[in-house]
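Dropping entry-v7.pdb in here (PDB, C-alpha atoms):
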```
MODEL        1
ATOM      1  CA  MET A   1    -170.785   8.112 201.778  1.00  0.00           C
ATOM      2  CA  THR A   2    -169.856   7.070 205.289  1.00  0.00           C
ATOM      3  CA  THR A   3    -170.833   9.426 208.073  1.00  0.00           C
ATOM      4  CA  ILE A   4    -168.488   9.986 210.960  1.00  0.00           C
ATOM      5  CA  PRO A   5    -169.110  10.682 214.655  1.00  0.00           C
ATOM      6  CA  GLN A   6    -169.512  14.398 215.308  1.00  0.00           C
ATOM      7  CA  GLU A   7    -166.673  14.398 217.848  1.00  0.00           C
ATOM      8  CA  LEU A   8    -164.102  12.893 215.440  1.00  0.00           C
ATOM      9  CA  VAL A   9    -163.010  16.079 213.649  1.00  0.00           C
ATOM     10  CA  PRO A  10    -162.752  18.140 216.865  1.00  0.00           C
ATOM     11  CA  ASP A  11    -160.755  15.324 218.495  1.00  0.00           C
ATOM     12  CA  ILE A  12    -158.358  15.179 215.536  1.00  0.00           C
ATOM     13  CA  ASN A  13    -158.086  18.965 215.440  1.00  0.00           C
ATOM     14  CA  GLN A  14    -157.200  19.052 219.120  1.00  0.00           C
ATOM     15  CA  ALA A  15    -154.722  16.164 218.958  1.00  0.00           C
ATOM     16  CA  LEU A  16    -152.910  17.509 215.889  1.00  0.00           C
ATOM     17  CA  GLU A  17    -153.382  21.220 216.597  1.00  0.00           C
ATOM     18  CA  LEU A  18    -155.222  21.654 213.291  1.00  0.00           C
ATOM     19  CA  ALA A  19    -158.296  23.477 212.108  1.00  0.00           C
ATOM     20  CA  LEU A  20    -159.845  20.910 209.773  1.00  0.00           C
ATOM     21  CA  PRO A  21    -163.362  21.918 208.733  1.00  0.00           C
ATOM     22  CA  GLU A  22    -166.282  19.864 209.996  1.00  0.00           C
ATOM     23  CA  THR A  23    -167.293  17.216 207.492  1.00  0.00           C
ATOM     24  CA  THR A  24    -169.698  14.302 207.434  1.00  0.00           C
ATOM     25  CA  SER A  25    -167.742  12.260 204.922  1.00  0.00           C
ATOM     26  CA  ALA A  26    -164.969   9.900 205.985  1.00  0.00           C
ATOM     27  CA  ALA A  27    -163.387  10.229 202.537  1.00  0.00           C
ATOM     28  CA  ALA A  28    -163.320  14.030 202.744  1.00  0.00           C
ATOM     29  CA  LEU A  29    -161.829  13.886 206.232  1.00  0.00           C
ATOM     30  CA  LYS A  30    -159.130  11.456 205.108  1.00  0.00           C
ATOM     31  CA  GLU A  31    -158.280  13.647 202.128  1.00  0.00           C
ATOM     32  CA  LYS A  32    -157.992  16.827 204.206  1.00  0.00           C
ATOM     33  CA  LEU A  33    -156.052  15.090 206.961  1.00  0.00           C
ATOM     34  CA  SER A  34    -153.715  13.505 204.395  1.00  0.00           C
ATOM     35  CA  LEU A  35    -152.846  16.946 203.039  1.00  0.00           C
ATOM     36  CA  GLN A  36    -151.986  18.189 206.535  1.00  0.00           C
ATOM     37  CA  ILE A  37    -149.925  15.086 207.313  1.00  0.00           C
ATOM     38  CA  ASN A  38    -148.083  15.428 204.005  1.00  0.00           C
ATOM     39  CA  GLU A  39    -147.167  19.002 204.987  1.00  0.00           C
ATOM     40  CA  LEU A  40    -145.763  17.697 208.257  1.00  0.00           C
ATOM     41  CA  ILE A  41    -143.843  14.926 206.486  1.00  0.00           C
ATOM     42  CA  ASN A  42    -142.226  17.465 204.181  1.00  0.00           C
ATOM     43  CA  HIS A  43    -141.673  20.384 206.550  1.00  0.00           C
ATOM     44  CA  ASP A  44    -141.785  19.270 210.212  1.00  0.00           C
ATOM     45  CA  PHE A  45    -141.342  15.520 210.531  1.00  0.00           C
ATOM     46  CA  GLU A  46    -140.415  15.742 214.230  1.00  0.00           C
ATOM     47  CA  LYS A  47    -143.753  17.382 214.983  1.00  0.00           C
ATOM     48  CA  LEU A  48    -145.560  14.599 213.093  1.00  0.00           C
ATOM     49  CA  VAL A  49    -143.742  11.964 215.139  1.00  0.00           C
ATOM     50  CA  PHE A  50    -144.687  13.836 218.325  1.00  0.00           C
ATOM     51  CA  TYR A  51    -148.362  13.946 217.283  1.00  0.00           C
ATOM     52  CA  LEU A  52    -148.424  10.263 216.378  1.00  0.00           C
ATOM     53  CA  TYR A  53    -146.918   9.431 219.759  1.00  0.00           C
ATOM     54  CA  ARG A  54    -149.429  11.672 221.551  1.00  0.00           C
ATOM     55  CA  ILE A  55    -152.363  10.125 219.686  1.00  0.00           C
ATOM     56  CA  ASP A  56    -150.915   6.682 220.450  1.00  0.00           C
ATOM     57  CA  VAL A  57    -150.796   5.357 216.902  1.00  0.00           C
ATOM     58  CA  ASP A  58    -149.316   1.855 216.997  1.00  0.00           C
ATOM     59  CA  GLU A  59    -145.782   2.395 215.680  1.00  0.00           C
ATOM     60  CA  ALA A  60    -145.164  -1.252 214.768  1.00  0.00           C
ATOM     61  CA  ARG A  61    -148.434  -1.424 212.855  1.00  0.00           C
ATOM     62  CA  MET A  62    -147.667   1.842 211.068  1.00  0.00           C
ATOM     63  CA  ARG A  63    -144.214   0.631 210.009  1.00  0.00           C
ATOM     64  CA  ALA A  64    -145.619  -2.687 208.790  1.00  0.00           C
ATOM     65  CA  LEU A  65    -148.418  -0.973 206.888  1.00  0.00           C
ATOM     66  CA  LEU A  66    -146.048   1.501 205.243  1.00  0.00           C
ATOM     67  CA  ALA A  67    -143.673  -1.309 204.269  1.00  0.00           C
ATOM     68  CA  HIS A  68    -146.477  -3.551 203.001  1.00  0.00           C
ATOM     69  CA  LYS A  69    -148.141  -0.823 200.956  1.00  0.00           C
ATOM     70  CA  GLU A  70    -144.948   0.681 199.583  1.00  0.00           C
ATOM     71  CA  GLY A  71    -145.680   2.987 196.688  1.00  0.00           C
ATOM     72  CA  GLU A  72    -148.949   4.232 198.163  1.00  0.00           C
ATOM     73  CA  GLY A  73    -149.026   7.684 199.695  1.00  0.00           C
ATOM     74  CA  ALA A  74    -147.617   7.555 203.215  1.00  0.00           C
ATOM     75  CA  ALA A  75    -149.730  10.543 204.270  1.00  0.00           C
ATOM     76  CA  GLY A  76    -152.950   8.736 203.329  1.00  0.00           C
ATOM     77  CA  LEU A  77    -151.948   5.604 205.216  1.00  0.00           C
ATOM     78  CA  ILE A  78    -150.983   7.611 208.300  1.00  0.00           C
ATOM     79  CA  ALA A  79    -154.262   9.552 208.066  1.00  0.00           C
ATOM     80  CA  GLU A  80    -156.173   6.254 208.090  1.00  0.00           C
ATOM     81  CA  LEU A  81    -154.305   5.145 211.214  1.00  0.00           C
ATOM     82  CA  VAL A  82    -154.962   8.472 212.965  1.00  0.00           C
ATOM     83  CA  ILE A  83    -158.680   8.312 212.138  1.00  0.00           C
ATOM     84  CA  GLU A  84    -158.860   4.671 213.225  1.00  0.00           C
ATOM     85  CA  ARG A  85    -157.141   5.418 216.554  1.00  0.00           C
ATOM     86  CA  GLN A  86    -159.367   8.405 217.274  1.00  0.00           C
ATOM     87  CA  LEU A  87    -162.454   6.292 216.507  1.00  0.00           C
ATOM     88  CA  GLN A  88    -161.194   3.670 218.979  1.00  0.00           C
ATOM     89  CA  LYS A  89    -160.842   6.363 221.647  1.00  0.00           C
ATOM     90  CA  ILE A  90    -164.356   7.690 220.957  1.00  0.00           C
ATOM     91  CA  LYS A  91    -165.794   4.176 221.188  1.00  0.00           C
ATOM     92  CA  ALA A  92    -163.989   3.531 224.478  1.00  0.00           C
ATOM     93  CA  ARG A  93    -165.194   6.854 225.917  1.00  0.00           C
ATOM     94  CA  ASN A  94    -168.779   6.100 224.931  1.00  0.00           C
ATOM     95  CA  GLU A  95    -168.628   2.596 226.413  1.00  0.00           C
ATOM     96  CA  PHE A  96    -167.199   3.996 229.638  1.00  0.00           C
ATOM     97  CA  LYS A  97    -169.945   6.632 229.831  1.00  0.00           C
ATOM     98  CA  GLN A  98    -172.599   4.012 229.174  1.00  0.00           C
ATOM     99  CA  LYS A  99    -171.277   1.706 231.894  1.00  0.00           C
ATOM    100  CA  ALA A 100    -171.033   4.613 234.311  1.00  0.00           C
ATOM    101  CA  THR A 101    -174.706   5.508 233.812  1.00  0.00           C
ATOM    102  CA  GLU A 102    -176.019   1.936 233.982  1.00  0.00           C
ATOM    103  CA  GLY A 103    -177.376   0.535 237.183  1.00  0.00           C
ATOM    104  CA  ASN A 104    -178.489   2.542 240.182  1.00  0.00           C
ATOM    105  CA  GLY A 105    -175.820   5.200 239.959  1.00  0.00           C
ATOM    106  CA  GLU A 106    -173.590   3.729 242.645  1.00  0.00           C
ATOM    107  CA  GLU A 107    -169.922   3.328 241.923  1.00  0.00           C
ATOM    108  CA  LYS A 108    -168.962  -0.204 241.002  1.00  0.00           C
ATOM    109  CA  TRP A 109    -165.642  -1.477 242.233  1.00  0.00           C
TER
ENDMDL
END
```

Could you rewrite the structure in this file as structure tokens?
Amino acid sequence: MTTIPQELVPDINQALELALPETTSAAALKEKLSLQINELINHDFEKLVFYLYRIDVDEARMRALLAHKEGEGAAGLIAELVIERQLQKIKARNEFKQKATEGNGEEKW
């Protein structure tokens, strides 16, 4: 079981306007997110496209992945990309915070 950063689920919930329950398992998160994405695929595709744009999921990569893994569930593949992108954002935020607190506290230009 892979644990996930505590801010991942709240970040995804905020970005996708969802209420996914907190979980410590990456597999459980992917499964729950896949169900929500599948709902959007079937009932409000425009909203899904808007969310993917807002999250900044790489469209070219998503298209290539969906084409390459044809036959696999699109919702699961999109969920993986959403989770991956949110993890990248968390990592970048943490690195920025760490750099900001390093040194003597003076701004570095």

Just so the selection is clear, what residues does the PyMOL selection byres ((chain A and resi 85) around 12) cover here, as a list in words?
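So the PyMOL selection byres ((chain A and resi 85) around 12) ends up selecting Leu8, Asp11, Ile12, Ala15, Leu52, Tyr53, Arg54, Ile55, Asp56, Val57, Asp58, Glu59, Arg61, Met62, Ile78, Ala79, Glu80, Leu81, Val82, Ile83, Glu84, Gln86, Leu87, Gln88, Lys89, Ile90, Lys91 and Ala92 of chain A.
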
Rank A:Glu7, A:Glu39, A:Glu22, A:Glu17 by their smallest atom-to-atom distance to Ala74 (chain A), using all atoms listed in the file, and report the top residue only.
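The answer is A:Glu39, which sits nearest to Ala74 (chain A).
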
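Using only C-alpha atoms for every distance, the candidate list A:Phe96, A:Thr101, A:Val9, A:Asp44 yields A:Val9 as the residue closest to Lys32 (chain A).
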
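Put simply, CA of Lys69 (chain A) is 17.7 Å away from CA of Glu31 (chain A).
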
Please, what is the axis-aligned box for every listed atom of region 26-41 of chain A with 8 Å on each side, as centre and edge lengths in Å to one decimal, as JSON?
```
{"center_x": -154.4, "center_y": 14.5, "center_z": 205.2, "size_x": 37.1, "size_y": 25.1, "size_z": 22.1}
```

Between CA of Ile37 (chain A) and CA of Thr23 (chain A), distance in Å (one decimal)
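Separation of CA of Ile37 (chain A) and CA of Thr23 (chain A): 17.5 Å.
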
If you measure from CA of Gly73 (chain A) to CA of Ala28 (chain A), what distance in Å do you get, rounded to one decimal?
15.9 Å
